[in-house]
Amino acid sequence: MKPADLAKEFLAAHDPNALDPLDFLRARFDAGLAWVQFPEGLGGLGLPREEQAGVEEVFAAAGAPDNNPRRIGIGLGMAAPTILRHGTDEQRRRWLRPLWTGEEVWCQLFSEPGAGSDLAGLATRAVRASDSDGDGWVVDGQKVWTSMAHEARWAILIARTDPAVPKHRGITYFVLDMTAPGVEVRPLRQATGEAEFNEVFLTGVRIPDTDRLGAVGEGWAVAQTTLMNERVAIGGGAAPREGGVIGVVADLWRERPELRTPALHDALLRLWVDAEAARLTGTRLRQQLAVGQPGPEGSAGKLLFARLNQEISGLELDLLGEEALRHDEWTMRRPTVVDFAGRTAGYRYLRAKGNSIEGGTSEILRNIVAERVLGLPPEHRLDKDVAWKDLPK
């Protein structure tokens with residue numbers, strides 16, 4: 001039976017209007033209709049990824065509750081595929097279900113004030129500690145640009161466990177309980193006026209060894225699963241034609257003929273075609289993905305997403321002129337989702353500036369595409385074989 005037919009059968013036995021939304025989502029996960037490409041017992045049916053689209057159509061047509069993927073996007077797009085590939089059976093059973101239902105929000109503790117583009121240069125330390133509390137680690141350091149840290153129950157974290165080896169080695173990957181003693185979350189106010197991001201301070205935070213993903217010292221390899229999935233999640237997300245910011249600007253063009261000029265007409269057509277090409281490329285990329293193992297091609301999608309968002313939001317300002325200077329409000333808020341389409345032109349323009357930084361800077365992504373997709377010679381790196389402790393700080 002096709003997964004879409006299984007979804008219809010599920011709805012016949014689980015009335016979405018009669019059940020509590022959370023109970024409905026839990027039952028859907030247990031039926032294998034959360035993400036059909038995942039294994040049975042972990043929210044899936046072990047089927048091809050493309051079958052999920054038909055399942056989503058059936059549930060959407062029935063008005064079934066969803067898990068607000070924008071709010072839990074880090075968990076869905078980054079933590080889940082990493083846990084699936086590198087986690088133990090016990091870790092998968094513990095974390096995947098509440099992650100998908102939205103009961104537990106996740107955040108990402110990767111970037112640091114001194115380790116952004118050069119993520120492998122991170123300085124947060126995790127030291128082995130065995131005592132009456134069991135076998136575990138004590139973590140000290142600072143992370144930055146952490147979306148959803150103010151709402152998160154769990155975090156994916158990379159920390160340095162061996163400073164005596166080169167920087168890409170000696171890193172270990174953990175899952176951190178954000179409610180643990182020693183975790184402090186502080187808001188970072190942005191140009192939009194909001195504090196969507198945070199900085200996180202870790203002081204003597206205890207992590208049990210059972211919350212480690214992958215082998216000790218192999219965290220960089222585990223992190224690559226997260227990073228590649230992150231770029232696909234950002235740049236290769238499913239969207240209808242004229243979805244996102246291009247749809248907002250196209251509607252503005254249709255509804256406000258007094259704003260039109262020949263030059264802006266040409267600019268809009270060019271960006272519309274680019275956005276459509278990017279959408280179709282993202283669809284093809286998702287179809288080619290192996291479960292939880294996207295390749296470096298996802299970096300190109302994220303790179304294109306950032307450029308288009310910035311150029312399209314800039315075109316919107318050119319269309320609106322002085323109208324675009326108005327911003328809805330500058331109250332310091334801590335939002336739970338980033339809603340480009342539902343905000344003002346001024347917000348979109350300011351927020352889009354971060355697209356070429358978050359999820360990997362455009363400069364780093366160009367290097368990845370050049371080296372790993374096009375096969376060009378890598379940049380010469382003098383620090384590649386130097387112990388992290390000996391690098392200039």
# chains A, B, ... in the order shown; residues from 1 in each chain; ligands from 1

call {"tool": "residues_around", "arguments": {"residues": "Ser313 (chain A)", "least_positions_apart": "4", "cutoff": "10 Å", "atoms": "only C-alpha atoms", "output": "number ranges by chain"}}
result
A: 245-246, 248-249, 308-309, 317-319, 340, 345-353

call {"tool": "write_last_selection", "arguments": {"atoms": "C-alpha atoms", "output": "PDB file, in the first residue's frame"}}
result
ATOM      1  CA  VAL A 245      10.017  36.646  -0.749  1.00  0.00           C
ATOM      2  CA  ILE A 246       9.760  36.487  -4.558  1.00  0.00           C
ATOM      3  CA  VAL A 248       5.677  38.979  -1.955  1.00  0.00           C
ATOM      4  CA  VAL A 249       7.472  41.191  -4.478  1.00  0.00           C
ATOM      5  CA  LEU A 308      18.418  35.691  -3.922  1.00  0.00           C
ATOM      6  CA  ASN A 309      16.887  36.708  -0.597  1.00  0.00           C
ATOM      7  CA  LEU A 317      12.937  48.528  -1.321  1.00  0.00           C
ATOM      8  CA  ASP A 318      13.621  49.993  -4.763  1.00  0.00           C
ATOM      9  CA  LEU A 319       9.964  49.477  -5.653  1.00  0.00           C
ATOM     10  CA  PHE A 340       9.918  36.743   6.090  1.00  0.00           C
ATOM     11  CA  ALA A 345       9.787  45.293   3.594  1.00  0.00           C
ATOM     12  CA  GLY A 346      12.209  46.959   6.004  1.00  0.00           C
ATOM     13  CA  TYR A 347      12.331  43.863   8.180  1.00  0.00           C
ATOM     14  CA  ARG A 348      12.924  41.593   5.183  1.00  0.00           C
ATOM     15  CA  TYR A 349      15.761  43.754   3.912  1.00  0.00           C
ATOM     16  CA  LEU A 350      17.530  43.881   7.290  1.00  0.00           C
ATOM     17  CA  ARG A 351      16.989  40.225   8.181  1.00  0.00           C
ATOM     18  CA  ALA A 352      18.164  38.972   4.793  1.00  0.00           C
ATOM     19  CA  LYS A 353      21.619  40.378   5.506  1.00  0.00           C
TER      20      LYS A 353
END

call {"tool": "residues_around", "arguments": {"residues": "Pro166 (chain A)", "least_positions_apart": "5", "cutoff": "12 Å", "atoms": "only C-alpha atoms", "output": "MDAnalysis selection string"}}
result
chainID A and resid 120:122 160:161 171 217 220 382:391

call {"tool": "select_by_dssp", "arguments": {"residues": "region 135-383 of chain A", "states": "strand (DSSP E or B)", "output": "number ranges by chain"}}
result
A: 135-143, 154-160, 166, 171-177, 183-188, 197-208, 212-213, 218

call {"tool": "write_last_selection", "arguments": {"atoms": "C-alpha atoms", "output": "compact mmCIF listing (two decimals), in the first residue's frame"}}
result
# COMPACT_ATOMS: atom_id res chain seq x y z
CA ASP A 135 31.03 8.72 33.59
CA GLY A 136 30.69 12.07 31.87
CA TRP A 137 32.17 15.36 30.76
CA VAL A 138 32.48 18.88 32.18
CA VAL A 139 32.08 21.62 29.58
CA ASP A 140 33.21 25.26 29.73
CA GLY A 141 33.00 27.84 26.95
CA GLN A 142 30.85 30.28 25.02
CA LYS A 143 28.68 29.80 21.94
CA TRP A 154 18.22 20.18 23.94
CA ALA A 155 21.26 21.38 22.00
CA ILE A 156 23.66 19.76 19.59
CA LEU A 157 27.13 20.77 20.77
CA ILE A 158 30.70 20.34 19.56
CA ALA A 159 33.54 20.86 22.02
CA ARG A 160 37.29 20.33 22.09
CA PRO A 166 45.27 19.41 14.91
CA ILE A 171 36.58 17.56 18.71
CA THR A 172 33.71 15.54 20.16
CA TYR A 173 29.97 15.86 19.47
CA PHE A 174 27.46 15.95 22.34
CA VAL A 175 23.79 16.47 23.04
CA LEU A 176 23.39 19.02 25.84
CA ASP A 177 20.46 19.40 28.22
CA VAL A 183 23.87 26.89 31.10
CA GLU A 184 23.15 30.61 30.69
CA VAL A 185 21.29 32.04 27.68
CA ARG A 186 21.55 35.76 26.86
CA PRO A 187 19.69 37.52 24.02
CA LEU A 188 21.52 39.14 21.09
CA PHE A 197 19.65 34.82 18.26
CA ASN A 198 21.37 34.26 21.59
CA GLU A 199 24.77 33.76 23.13
CA VAL A 200 25.15 30.80 25.46
CA PHE A 201 27.65 30.56 28.31
CA LEU A 202 28.63 27.13 29.62
CA THR A 203 30.22 27.03 33.06
CA GLY A 204 31.05 23.64 34.54
CA VAL A 205 28.16 22.01 32.67
CA ARG A 206 27.96 18.27 33.22
CA ILE A 207 27.12 16.01 30.24
CA PRO A 208 26.81 12.25 30.76
CA ARG A 212 27.76 11.75 23.28
CA LEU A 213 27.15 11.18 19.53
CA GLU A 218 35.49 12.21 15.86

call {"tool": "residues_around", "arguments": {"residues": "region 323-338 of chain A", "least_positions_apart": "5", "cutoff": "8 Å", "atoms": "only C-alpha atoms", "output": "VMD selection string"}}
result
chain A and resid 70 to 71 148 150 to 151 187 189 192 to 196 316 to 317 343 to 347

call {"tool": "write_last_selection", "arguments": {"atoms": "C-alpha atoms", "output": "PDB file, in the first residue's frame"}}
result
ATOM      1  CA  ARG A  70       9.440  26.490  11.413  1.00  0.00           C
ATOM      2  CA  ARG A  71       9.662  26.489  15.209  1.00  0.00           C
ATOM      3  CA  MET A 148      15.973  29.177  19.591  1.00  0.00           C
ATOM      4  CA  HIS A 150      15.729  30.684  24.671  1.00  0.00           C
ATOM      5  CA  GLU A 151      13.153  27.982  23.905  1.00  0.00           C
ATOM      6  CA  PRO A 187      19.687  37.520  24.018  1.00  0.00           C
ATOM      7  CA  ARG A 189      19.533  42.078  19.706  1.00  0.00           C
ATOM      8  CA  THR A 192      15.625  44.255  13.107  1.00  0.00           C
ATOM      9  CA  GLY A 193      15.154  45.168  16.773  1.00  0.00           C
ATOM     10  CA  GLU A 194      14.516  41.571  17.811  1.00  0.00           C
ATOM     11  CA  ALA A 195      16.612  39.007  19.639  1.00  0.00           C
ATOM     12  CA  GLU A 196      16.097  35.951  17.497  1.00  0.00           C
ATOM     13  CA  GLU A 316      11.360  45.463  -2.909  1.00  0.00           C
ATOM     14  CA  LEU A 317      12.937  48.528  -1.321  1.00  0.00           C
ATOM     15  CA  ARG A 343       6.637  41.124   7.925  1.00  0.00           C
ATOM     16  CA  THR A 344       7.423  44.552   6.475  1.00  0.00           C
ATOM     17  CA  ALA A 345       9.787  45.293   3.594  1.00  0.00           C
ATOM     18  CA  GLY A 346      12.209  46.959   6.004  1.00  0.00           C
ATOM     19  CA  TYR A 347      12.331  43.863   8.180  1.00  0.00           C
TER      20      TYR A 347
END

call {"tool": "select_by_dssp", "arguments": {"residues": "region 341-381 of chain A", "states": "alpha helix (DSSP H)", "output": "list in words"}}
result
Ala345, Gly346, Tyr347, Arg348, Tyr349, Leu350, Arg351, Ala352, Ser362, Glu363, Ile364, Leu365, Arg366, Asn367 and Ile368 of chain A

call {"tool": "write_last_selection", "arguments": {"atoms": "C-alpha atoms", "output": "PDB file, in the first residue's frame"}}
result
ATOM      1  CA  ALA A 345       9.787  45.293   3.594  1.00  0.00           C
ATOM      2  CA  GLY A 346      12.209  46.959   6.004  1.00  0.00           C
ATOM      3  CA  TYR A 347      12.331  43.863   8.180  1.00  0.00           C
ATOM      4  CA  ARG A 348      12.924  41.593   5.183  1.00  0.00           C
ATOM      5  CA  TYR A 349      15.761  43.754   3.912  1.00  0.00           C
ATOM      6  CA  LEU A 350      17.530  43.881   7.290  1.00  0.00           C
ATOM      7  CA  ARG A 351      16.989  40.225   8.181  1.00  0.00           C
ATOM      8  CA  ALA A 352      18.164  38.972   4.793  1.00  0.00           C
ATOM      9  CA  SER A 362      28.955  32.475   1.550  1.00  0.00           C
ATOM     10  CA  GLU A 363      32.753  32.625   1.359  1.00  0.00           C
ATOM     11  CA  ILE A 364      33.131  29.240   3.060  1.00  0.00           C
ATOM     12  CA  LEU A 365      30.393  27.713   0.912  1.00  0.00           C
ATOM     13  CA  ARG A 366      32.131  28.867  -2.260  1.00  0.00           C
ATOM     14  CA  ASN A 367      35.251  27.057  -1.086  1.00  0.00           C
ATOM     15  CA  ILE A 368      33.234  23.884  -0.473  1.00  0.00           C
TER      16      ILE A 368
END

call {"tool": "residues_around", "arguments": {"residues": "Ala275 (chain A)", "least_positions_apart": "3", "cutoff": "8 Å", "atoms": "only C-alpha atoms", "output": "PyMOL selection string"}}
result
chain A and resi 242+246+271-272+278-279+308
